[in-house]
file structure-v4.pdb (PDB, C-alpha atoms, pLDDT in the B column)
ATOM      1  CA  MET A   1      59.637  28.026  25.623  1.00 75.00           C
ATOM      2  CA  GLU A   2      56.167  26.787  26.383  1.00 82.00           C
ATOM      3  CA  LEU A   3      52.971  27.796  24.615  1.00 78.00           C
ATOM      4  CA  LYS A   4      49.574  26.953  26.031  1.00 85.00           C
ATOM      5  CA  ILE A   5      46.394  27.600  24.073  1.00 84.00           C
ATOM      6  CA  ASP A   6      42.931  26.950  25.448  1.00 86.00           C
ATOM      7  CA  LEU A   7      40.786  25.753  22.524  1.00 88.00           C
ATOM      8  CA  ASP A   8      37.493  23.928  22.597  1.00 91.00           C
ATOM      9  CA  TYR A   9      36.603  21.028  20.323  1.00 91.00           C
ATOM     10  CA  ASN A  10      34.823  23.135  17.689  1.00 92.00           C
ATOM     11  CA  GLN A  11      37.767  25.514  17.399  1.00 93.00           C
ATOM     12  CA  ILE A  12      40.177  22.608  16.921  1.00 91.00           C
ATOM     13  CA  LEU A  13      37.852  21.070  14.339  1.00 93.00           C
ATOM     14  CA  GLY A  14      37.681  24.382  12.484  1.00 93.00           C
ATOM     15  CA  LEU A  15      41.477  24.587  12.395  1.00 92.00           C
ATOM     16  CA  ILE A  16      41.720  21.019  11.137  1.00 92.00           C
ATOM     17  CA  HIS A  17      39.303  21.779   8.299  1.00 93.00           C
ATOM     18  CA  GLN A  18      41.621  24.594   7.197  1.00 95.00           C
ATOM     19  CA  LEU A  19      44.491  22.145   6.666  1.00 94.00           C
ATOM     20  CA  PRO A  20      45.277  20.715   3.245  1.00 95.00           C
ATOM     21  CA  LYS A  21      44.125  17.142   2.663  1.00 95.00           C
ATOM     22  CA  ARG A  22      47.667  15.772   2.894  1.00 95.00           C
ATOM     23  CA  GLU A  23      48.163  17.385   6.341  1.00 95.00           C
ATOM     24  CA  ILE A  24      44.802  16.042   7.551  1.00 94.00           C
ATOM     25  CA  GLU A  25      45.872  12.533   6.517  1.00 94.00           C
ATOM     26  CA  ARG A  26      49.183  13.019   8.315  1.00 95.00           C
ATOM     27  CA  LEU A  27      47.352  14.217  11.435  1.00 93.00           C
ATOM     28  CA  THR A  28      45.002  11.234  11.229  1.00 93.00           C
ATOM     29  CA  ASP A  29      47.917   8.811  11.015  1.00 92.00           C
ATOM     30  CA  THR A  30      49.637  10.455  13.972  1.00 92.00           C
ATOM     31  CA  LEU A  31      46.497  10.378  16.116  1.00 90.00           C
ATOM     32  CA  GLN A  32      45.776   6.753  15.255  1.00 90.00           C
ATOM     33  CA  SER A  33      49.339   5.824  16.115  1.00 88.00           C
ATOM     34  CA  GLU A  34      49.119   7.638  19.455  1.00 85.00           C
ATOM     35  CA  ILE A  35      45.800   5.980  20.268  1.00 84.00           C
ATOM     36  CA  SER A  36      46.984   2.481  19.354  1.00 82.00           C
ATOM     37  CA  SER A  37      50.227   2.814  21.315  1.00 80.00           C
ATOM     38  CA  LYS A  38      48.348   4.063  24.365  1.00 80.00           C
ATOM     39  CA  ARG A  39      45.758   1.318  23.993  1.00 79.00           C
ATOM     40  CA  SER A  40      48.381  -1.407  23.602  1.00 81.00           C
ATOM     41  CA  SER A  41      50.288  -0.242  26.680  1.00 79.00           C
ATOM     42  CA  GLU A  42      47.034  -0.108  28.658  1.00 82.00           C
ATOM     43  CA  ASP A  43      46.077  -3.571  27.374  1.00 83.00           C
ATOM     44  CA  LEU A  44      49.480  -4.944  28.371  1.00 83.00           C
ATOM     45  CA  GLN A  45      49.248  -3.395  31.820  1.00 83.00           C
ATOM     46  CA  GLU A  46      45.712  -4.749  32.275  1.00 85.00           C
ATOM     47  CA  MET A  47      46.797  -8.212  31.128  1.00 85.00           C
ATOM     48  CA  ILE A  48      49.713  -8.228  33.573  1.00 86.00           C
ATOM     49  CA  LEU A  49      47.547  -7.048  36.450  1.00 87.00           C
ATOM     50  CA  ASN A  50      44.848  -9.641  35.710  1.00 88.00           C
ATOM     51  CA  ALA A  51      47.207 -12.523  34.948  1.00 86.00           C
ATOM     52  CA  PRO A  52      46.845 -15.660  37.024  1.00 86.00           C
ATOM     53  CA  THR A  53      49.351 -16.090  39.801  1.00 87.00           C
ATOM     54  CA  TRP A  54      50.718 -19.121  41.553  1.00 88.00           C
ATOM     55  CA  THR A  55      50.353 -19.732  45.232  1.00 91.00           C
ATOM     56  CA  ASP A  56      53.480 -20.695  47.145  1.00 92.00           C
ATOM     57  CA  SER A  57      52.231 -24.277  47.130  1.00 93.00           C
ATOM     58  CA  ASP A  58      51.789 -24.243  43.328  1.00 92.00           C
ATOM     59  CA  PHE A  59      55.280 -22.810  42.861  1.00 93.00           C
ATOM     60  CA  ASP A  60      56.809 -25.453  45.157  1.00 94.00           C
ATOM     61  CA  ASP A  61      55.031 -28.200  43.199  1.00 93.00           C
ATOM     62  CA  PHE A  62      56.363 -26.744  39.944  1.00 94.00           C
ATOM     63  CA  ASN A  63      59.928 -26.631  41.284  1.00 94.00           C
ATOM     64  CA  LYS A  64      59.720 -30.234  42.503  1.00 93.00           C
ATOM     65  CA  ALA A  65      58.447 -31.347  39.107  1.00 92.00           C
ATOM     66  CA  ARG A  66      61.247 -29.460  37.310  1.00 91.00           C
ATOM     67  CA  VAL A  67      63.887 -31.051  39.540  1.00 90.00           C
ATOM     68  CA  HIS A  68      62.403 -34.479  38.865  1.00 90.00           C
ATOM     69  CA  ILE A  69      62.291 -33.849  35.090  1.00 89.00           C
ATOM     70  CA  ASN A  70      65.866 -32.553  35.050  1.00 87.00           C
ATOM     71  CA  LYS A  71      67.126 -35.584  36.994  1.00 86.00           C
ATOM     72  CA  SER A  72      65.266 -38.063  34.775  1.00 84.00           C
ATOM     73  CA  ARG A  73      66.594 -36.739  31.471  1.00 74.00           C
ATOM     74  CA  ILE A  74      69.211 -38.787  29.715  1.00 65.00           C
ATOM     75  CA  ALA A  75      72.073 -36.411  29.147  1.00 52.00           C
TER      76      ALA A  75
END
call {"tool": "encode", "arguments": {"input": "structure-v4.pdb", "output": "structure tokens"}}
result
Amino acid sequence: MELKIDLDYNQILGLIHQLPKREIERLTDTLQSEISSKRSSEDLQEMILNAPTWTDSDFDDFNKARVHINKSRIA
């Protein structure tokens, strides 16, 4: 079952003001949680998309250095 209601901002605000204080606090906590989780996922996605990347040459240099380090370790 799906229920769709078309309410504008003032109507929603009026309904919120009719809630008891405890329910308003609960609604506030829920909204803040939703906003922070959305923001953190957007921040993570933005960080990943803007992260520096290595060129093939950089990656080859890294692999050569790792091989050299692994061979030079006393094991």
call {"tool": "closest_residue", "arguments": {"input": "structure-v4.pdb", "among": "A:Arg73, A:Leu49, A:Phe59, A:Ile16", "to": "Thr28 in chain A", "atoms": "all atoms listed in the file"}}
result
A:Ile16
call {"tool": "axis_aligned_box", "arguments": {"input": "structure-v4.pdb", "around": "range 19-27 of chain A", "padding_each_side": "5 Å", "output": "AutoDock Vina command-line options"}}
result
--center_x 46.7 --center_y 17.3 --center_z 7.0 --size_x 15.1 --size_y 19.6 --size_z 18.8
call {"tool": "atom_distance", "arguments": {"input": "structure-v4.pdb", "atom1": "CA of Arg39 in chain A", "atom2": "CA of Leu13 in chain A"}}
result
23.4 Å
call {"tool": "atom_distance", "arguments": {"input": "structure-v4.pdb", "atom1": "CA of Asp29 in chain A", "atom2": "CA of Met1 in chain A"}}
result
26.8 Å
